[in-house]
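Text of the file protein_35.txt, holding compact mmCIF, C-alpha atoms:
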# COMPACT_ATOMS: atom_id res chain seq x y z
CA MET A 81 190.71 112.28 158.86
CA ASN A 82 193.53 114.67 158.53
CA ARG A 83 196.60 113.99 156.41
CA ARG A 84 198.87 113.34 159.39
CA LEU A 85 196.55 110.64 160.73
CA LEU A 86 196.27 109.07 157.27
CA GLY A 87 200.06 109.00 157.04
CA VAL A 88 200.35 107.23 160.42
CA VAL A 89 197.70 104.67 159.40
CA ALA A 90 199.52 104.07 156.10
CA VAL A 91 202.85 103.50 157.89
CA ILE A 92 201.23 101.07 160.36
CA ALA A 93 199.50 99.20 157.53
CA ALA A 94 202.77 98.95 155.58
CA ALA A 95 204.59 97.63 158.68
CA CYS A 96 201.87 95.02 159.22
CA LEU A 97 202.07 93.91 155.59
CA LEU A 98 205.85 93.69 155.80
CA ALA A 99 205.66 91.61 159.01
CA ALA A 100 203.06 89.31 157.46
CA GLY A 101 205.24 88.88 154.37
CA VAL A 102 208.27 87.97 156.51
CA ALA A 103 206.18 85.50 158.52
CA VAL A 104 204.88 83.81 155.36
CA ALA A 105 208.38 83.62 153.88
CA ASN A 106 209.93 82.31 157.11
CA PRO A 107 207.32 81.15 159.64
CA ALA A 108 210.09 79.86 161.93
CA LEU A 109 210.50 83.48 163.06
CA LEU A 110 207.09 83.25 164.76
CA VAL A 111 207.80 80.09 166.73
CA GLY A 112 209.88 81.23 169.67
CA ASP A 113 211.24 78.70 172.14
CA TYR A 114 210.06 75.11 172.28
CA GLU A 115 209.46 73.28 175.52
CA GLU A 116 211.28 69.97 175.67
CA THR A 117 210.48 66.53 177.02
CA THR A 118 212.18 63.15 177.17
CA VAL A 119 210.33 60.46 175.22
CA THR A 120 210.98 56.85 176.21
CA ALA A 121 210.03 54.03 173.84
CA VAL A 122 208.88 50.92 175.73
CA ASP A 123 208.31 47.41 174.35
CA GLY A 124 204.56 46.72 174.28
CA GLU A 125 204.96 43.14 175.54
CA THR A 126 207.92 43.17 177.95
CA ASN A 127 207.87 46.82 179.13
CA ALA A 128 211.62 46.93 178.43
CA THR A 129 213.03 50.33 177.50
CA LEU A 130 213.90 50.43 173.79
CA ALA A 131 215.23 53.98 173.41
CA THR A 132 214.97 57.56 174.64
CA VAL A 133 214.79 60.79 172.68
CA ASP A 134 215.08 64.43 173.75
CA ALA A 135 212.19 66.04 171.90
CA ARG A 136 211.08 69.59 171.28
CA VAL A 137 207.34 69.92 171.82
CA ALA A 138 205.24 71.33 168.96
CA ASP A 139 201.99 72.05 170.78
CA GLY A 140 200.57 74.96 168.84
CA LEU A 141 199.46 75.55 165.26
CA VAL A 142 202.47 77.65 164.24
CA LYS A 143 204.98 75.26 165.86
CA GLN A 144 203.26 72.33 164.17
CA TYR A 145 203.26 74.08 160.79
CA VAL A 146 206.98 74.90 161.03
CA GLY A 147 207.86 71.51 162.54
CA LEU A 148 211.42 70.49 161.77
CA SER A 149 211.56 72.43 158.48
CA ALA A 150 213.71 75.08 160.20
CA THR A 151 216.16 72.40 161.42
CA ASP A 152 219.30 71.43 159.50
CA ASP A 153 219.66 67.97 161.06
CA LEU A 154 218.92 65.89 164.15
CA ALA A 155 221.24 63.91 166.37
CA ALA A 156 220.38 60.21 166.75
CA ASP A 157 218.69 60.91 170.11
CA GLU A 158 216.76 64.06 169.12
CA GLY A 159 213.26 64.56 167.78
CA MET A 160 210.08 66.59 167.82
CA LEU A 161 206.85 65.59 169.53
CA PHE A 162 203.71 67.02 167.93
CA VAL A 163 200.79 67.35 170.36
CA HIS A 164 197.28 67.54 168.90
CA ASP A 165 194.27 68.64 170.94
CA GLU A 166 192.54 65.33 170.34
CA SER A 167 193.08 61.97 168.73
CA GLY A 168 192.25 61.67 165.07
CA GLU A 169 193.50 60.97 161.59
CA HIS A 170 196.49 63.22 160.81
CA ALA A 171 198.72 63.66 157.76
CA TYR A 172 202.29 64.94 157.74
CA VAL A 173 204.37 66.20 154.81
CA MET A 174 208.09 66.86 154.29
CA ARG A 175 207.66 70.56 153.38
CA GLY A 176 211.02 72.32 153.59
CA MET A 177 212.84 69.25 154.91
CA THR A 178 216.42 68.41 153.92
CA PHE A 179 216.78 65.07 155.74
CA ALA A 180 214.75 61.88 156.12
CA LEU A 181 212.60 61.06 159.16
CA ASP A 182 210.66 58.35 160.88
CA ILE A 183 207.15 59.63 161.59
CA VAL A 184 205.66 57.74 164.54
CA PHE A 185 201.91 58.12 165.21
CA VAL A 186 200.85 57.58 168.83
CA ALA A 187 197.43 57.04 170.45
CA PRO A 188 196.36 59.08 173.51
CA ASN A 189 197.44 56.21 175.80
CA GLY A 190 200.95 56.23 174.28
CA THR A 191 200.56 53.18 172.03
CA VAL A 192 202.39 53.44 168.70
CA THR A 193 199.79 53.06 165.94
CA ARG A 194 201.90 53.55 162.81
CA VAL A 195 205.48 54.21 161.72
CA HIS A 196 206.44 55.79 158.38
CA GLU A 197 209.89 56.18 156.88
CA ALA A 198 209.68 59.56 155.18
CA ASP A 199 212.15 60.94 152.70
CA PRO A 200 212.16 64.52 151.36
CA GLU A 201 213.08 63.09 147.94
CA SER A 202 209.59 61.55 147.76
CA GLY A 203 208.20 65.06 147.32
CA SER A 204 207.02 67.70 149.72
CA LEU A 205 203.37 66.91 148.99
CA THR A 206 203.54 63.19 149.86
CA ARG A 207 201.20 62.69 152.82
CA TYR A 208 202.19 60.32 155.61
CA ARG A 209 198.94 59.43 157.34
CA GLY A 210 198.23 57.88 160.70
CA ARG A 211 195.91 57.91 163.66
CA GLY A 212 196.71 59.29 167.11
CA GLN A 213 196.96 62.33 169.31
CA TYR A 214 200.76 62.55 169.19
CA VAL A 215 203.35 62.27 166.46
CA LEU A 216 207.06 61.79 167.09
CA GLU A 217 209.50 62.73 164.33
CA VAL A 218 213.00 61.28 164.69
CA PRO A 219 215.92 60.63 162.31
CA ARG A 220 215.07 58.02 159.69
CA GLY A 221 215.96 54.51 160.80
CA TRP A 222 215.50 55.27 164.52
CA SER A 223 212.48 52.96 164.76
CA ASP A 224 214.25 50.04 163.07
CA ARG A 225 217.49 50.52 165.04
CA ASN A 226 215.59 50.50 168.33
CA GLY A 227 212.90 47.94 167.46
CA VAL A 228 210.02 50.42 167.82
CA ASP A 229 206.89 49.06 166.12
CA PRO A 230 203.12 49.51 166.31
CA GLY A 231 201.94 48.15 169.65
CA ASP A 232 204.95 49.52 171.55
CA ARG A 233 204.46 52.58 173.76
CA LEU A 234 205.93 56.04 174.07
CA VAL A 235 206.11 57.49 177.57
CA PHE A 236 206.59 61.24 178.16
CA GLU A 237 205.43 64.11 180.35
CA LEU A 238 204.07 67.39 179.08
CA ALA A 239 204.16 70.63 181.01
Go ahead and render the structure in this file as structure tokens.
Amino acid sequence: MNRRLLGVVAVIAAACLLAAGVAVANPALLVGDYEETTVTAVDGETNATLATVDARVADGLVKQYVGLSATDDLAADEGMLFVHDESGEHAYVMRGMTFALDIVFVAPNGTVTRVHEADPESGSLTRYRGRGQYVLEVPRGWSDRNGVDPGDRLVFELA
């Protein structure tokens, strides 16, 4: 290779390393726009509506990794719906979070399987585990305020 070509390759490699470093330091830059959906919580016995939430949809690995860590706060009727490819055992952490959350695990049919009250003060490595294909994160206390418990259902549409 001639020197000019080596110089171009070196500049491209340096740019790639710089971009990778920025992405590692602030992965929120890679996310782009979130799709949104309305999530309705329904009583498992009476089918009465308990609450609704406008949720951003985290349906890809990068969006799921970033989660709400790039968010300063949530309104009482806001959240994020994590969509996994299949149902299974999942664990969530409070990495980079500055406010407390309810973490609601949901089976493929919409049934709530577990609700955690998560606090960033408990440590960013504390794992909140549950089973399901979906996970709804909402402001802490949302589940209690609205009477959302395991056995209730979440209803939503995905694009």
- Using only C-alpha atoms, which of A:Asp182, A:Glu197, A:Asp229, A:Glu237 sits nearest Val215 (chain A)? A:Asp182
- Query: Counting all atoms listed in the file, what is within 9 Å of Ala239 (chain A), bar same-chain residues fewer than 3 positions away, as a list in words?
  - Reply: Glu115, Glu116 and Thr117 of chain A
- For a cut-off of 10 Å around (207.4, 53.7, 165.2), file coordinates, pick out all residues using all atoms listed in the file and list them as a ChimeraX atom specification. /A:121,182-186,191-197,215-218,221-224,226-234
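Here CA of Gly210 (chain A) and CA of Ser167 (chain A) stand 10.4 Å from one another.
The spacing separating CA of Arg207 (chain A) from CA of Asp157 (chain A) amounts to 24.7 Å.
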- Between A:Asp153, A:Gly176, A:Val163, A:Asn189, smallest distance to Arg220 (chain A) by all atoms listed in the file belongs to A:Asp153
